[in-house]
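> So that we are looking at the same thing, I have put the structure below in structure tokens.
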2 protein chains.
Amino acid sequence: MKNCIKMTEFERQYNIYLHMVEAGLEKFLPLQRQVWPTSGIPANLAAAMRYSLLSGGKRLRPVMLLASYNMLSEKVEDALPFAAAMEMIHTYSLIHDDLPAMDNDDMRRGKPSNHKMFGEATAILAGDALLNHAYETMAQSNHPLAIKALTHIAYHAGASGMIAGQAADLAMEEEQPDMDMVYYIQRHKTSDLFMGAMKAGLALAGADSTWINAAESYALHYGLAFQITDDILDIIGDEHVLGKSIGKDQSSGKMTWPGTVGLEKAKLDAQTHIEKAIQAAETFGSSGAFFVSLAKQIQNRVK
Amino acid sequence: MKNCIKMTEFERQYNIYLHMVEAGLEKFLPLQRQVWPTSGIPANLAAAMRYSLLSGGKRLRPVMLLASYNMLSEKVEDALPFAAAMEMIHTYSLIHDDLPAMDNDDMRRGKPSNHKMFGEATAILAGDALLNHAYETMAQSNHPLAIKALTHIAYHAGASGMIAGQAADLAMEEEQPDMDMVYYIQRHKTSDLFMGAMKAGLALAGADSTWINAAESYALHYGLAFQITDDILDIIGDEHVLGKSIGKDQSSGKMTWPGTVGLEKAKLDAQTHIEKAIQAAETFGSSGAFFVSLAKQIQNRVK
């Protein structure tokens, strides 16, 4: 019963952040009001940016940024440009990932993927524009600690962060499954944006390095548990269980965690990373309750 | 004779900036020293980023940034992260422009284009990584006015700037040539990055709005003269002169200035924009000599 009430409080808080993020995305993507070609933005570009950015979703990364900030400050609105920027970066990465030359996915969140709607060329530009607009939005925030938050986000989104994971994923498609490689890919492809989000939120609120380090640890383990669980659900929910259990996702040629260590070991590993994430959140004391609940939420997905 | 000495002084200055930029690009792209996969960056990504960024060229945009800064400050090294960032942004845009879904160019600066060397997927990621690395480099500069310079660059590189020009170019491929459209496309595709470079350089040096506005005007007209001249040389140097003089570059389907107004009118327009650029540079007084010479350099290309 107590556990049930806790979850409701967590969900209530999540929804508050979620609504702020949705409003923020509309606010910081003010493209539709302008008249082209006299001024403003080409209609094809504006439509493609809006289509993917405003297509719903859990908004996990911006919510984590706002929740991190909110552990130390009440003025959550001040962090909103950075939360919106996180979602722009996540969205650009999905648009480019879906391209025929990358994962070649026709669908995303139950709708045609960006290039299916607008063509490949416009999809490439819409992704570029969202990435750039993330930095424009942060730069124009007028937040006194903007540059610190922007630095964390740029690092974890970039060639040493998320993009390193994407490039490793490509490079490994021809290789044998290898735990070091799978760890490298998941850490960068999945955990890095969570790290950027949490560290940016904390940096904006003036957190010290103890909290920043705890956030990095939380995001690392949360991201790994998140991705392992996703890949387990892909297998459990897929009738080609045997085909998938020998190293790679056969349909995409990608290395996965359960594909490399086996399904049962992967379940144990997910549990271990959830526990490590919760342990990292202890640094935040009672303020960290949101993040403890967020980590426990992953457990519920496989139960 | 006097004119000849002046050109030599301009060229000497240009070469100083150029060497600084080349050293800066090596410095701010420190990817090759790291060991992957234990840590660092995937070899394919690092190689693709370096291949296009370190492939020579005039380095016009970073040179303009340094020259703008140097009109007000002697400590040119302090502006170097921003100059390097400008070239990273320019380079990412070329990598993505060359992709099969965009202009489908197999060659760039006399070498195979990025996707021809590394494949489409890696070329997309290398472009994304260079764009992101531009912002990471600026954010890590520790320059007290970093956020101001970054804001100018983000605006002119983004959905209201360079990318607006690229998207309009795509949207117009099926349309009849139209002077408003050609102006919109060239202003954004070509002038905007020059604007970003000059305004960022001046902002870092603490320039007031009079100088920032003059830089915007200079960059607008310089960019138009630059692009019109490029397109004139494409026609003059092409045996299919008649085929190209009826509105569009027939080989690419793109609208060009001489293709829309005719070759002779385009030559006059280029001259007009050079004069307007020189006029804008008068705001900088004797400090603006570099930019006067830079504009005159365009004239020499068609003589």
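How things are named: the first chain in the structure tokens is A, the next is B, and so on; residues count from 1 in each chain; ligands count from 1 in the order shown.
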Return as JSON, numbers by chain the residues belonging to chain B that are within 8 Å of chain A, counting only C-alpha atoms.
{"B": [37, 38, 40, 41, 42, 44, 45, 96, 101, 102, 120, 121, 122, 124, 125, 128, 129, 131, 132, 133, 135, 136, 139, 140, 147, 148, 150, 151, 154, 155, 157, 158, 159, 160, 163, 164, 166, 167, 168, 170, 171, 180, 181, 184]}
> Any idea what's packed within 12 Å of His19 (chain B), counting only C-alpha atoms, ignoring anything in its chain fewer than 4 positions away? Could you give it as a ChimeraX atom specification?
/B:12-15,23-26,56-59,62-63,66,77,80,83-84
> Would you list the contacts of Leu294 (chain A) as a PDB file with C-alpha atoms, in the first residue's frame, taking every protein, DNA or RNA residue within 10 Å and counting only C-alpha atoms, but skipping same-chain residues closer than 3 positions in sequence?

ATOM      1  CA  MET A   7       4.434   5.371  -7.197  1.00  0.00           C
ATOM      2  CA  PHE A  10       6.303   9.783  -8.555  1.00  0.00           C
ATOM      3  CA  GLU A  11       3.876   9.642 -11.451  1.00  0.00           C
ATOM      4  CA  TYR A  14       6.660  12.983 -13.694  1.00  0.00           C
ATOM      5  CA  LEU A  60      12.674  10.927 -20.385  1.00  0.00           C
ATOM      6  CA  MET A  64      15.533  13.848 -15.891  1.00  0.00           C
ATOM      7  CA  TYR A 222      20.180   3.565 -15.291  1.00  0.00           C
ATOM      8  CA  ILE A 274      19.173  -0.935 -11.238  1.00  0.00           C
ATOM      9  CA  ALA A 277      21.667   3.297  -9.895  1.00  0.00           C
ATOM     10  CA  ILE A 278      19.617   3.370  -6.684  1.00  0.00           C
ATOM     11  CA  GLY A 288      16.689  11.604  -4.704  1.00  0.00           C
ATOM     12  CA  ALA A 289      13.340   9.819  -4.209  1.00  0.00           C
ATOM     13  CA  PHE A 290      12.276  10.636  -7.774  1.00  0.00           C
ATOM     14  CA  PHE A 291      15.337   8.939  -9.202  1.00  0.00           C
ATOM     15  CA  GLN A 297      10.189   1.593 -12.825  1.00  0.00           C
ATOM     16  CA  ILE A 298      12.525  -0.389 -15.072  1.00  0.00           C
ATOM     17  CA  GLN A 299      12.065  -3.456 -12.852  1.00  0.00           C
TER      18      GLN A 299
END
> List the spatial neighbours of Lys111 (chain B) as a ChimeraX atom specification - criterion: any atom at most 9 Å away, only C-alpha atoms, same-chain residues fewer than 4 positions off excluded.
/B:55,106-107
> May I have the residues within 12 Å of Ala281 (chain A) as a ChimeraX atom specification, using only C-alpha atoms and disregarding those fewer than 2 positions away in the same chain?
/A:68,71,198,210-222,274-279,283-296
> Enumerate, as a JSON list (two decimals) with C-alpha atoms, in the first residue's frame, the complete set of residues in region 98-278 of chain A that a backbone-based DSSP assignment places in strand (DSSP E or B).

[["chain", "number", "residue", "atom", "x", "y", "z"],
["A", 107, "MET", "CA", 8.27, 3.70, -38.60],
["A", 108, "ARG", "CA", 8.97, 5.61, -35.38],
["A", 111, "LYS", "CA", 4.10, 6.91, -37.34],
["A", 112, "PRO", "CA", 6.10, 7.00, -40.57],
["A", 248, "LYS", "CA", 23.20, -10.23, -32.30],
["A", 249, "ASP", "CA", 19.82, -8.90, -33.13],
["A", 254, "LYS", "CA", 23.46, -5.07, -34.01],
["A", 255, "MET", "CA", 25.11, -6.41, -30.89]]
> Name the residues of region 15-252 of chain A that fall into alpha helix (DSSP H) according to DSSP on the backbone, using the chain letters and numbers of this document, as number ranges by chain.
A: 15-28, 43-53, 60-70, 80-98, 114-118, 120-139, 146-157, 162-171, 179-186, 192-204, 209-236, 241-244
> Could you please determine the separation between CA of Gln186 (chain A) and CA of Ala225 (chain A) in Å, to one decimal place?
9.8 Å
> How far is it from CA of Asp231 (chain A) to CA of Phe118 (chain B), in Å with one decimal?
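If I compute the distance from CA of Asp231 (chain A) to CA of Phe118 (chain B), I get 28.7 Å.
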> Would you compute the distance between CA of Ala197 (chain B) and CA of Ala85 (chain B)? Give it in Å to one decimal.
9.5 Å
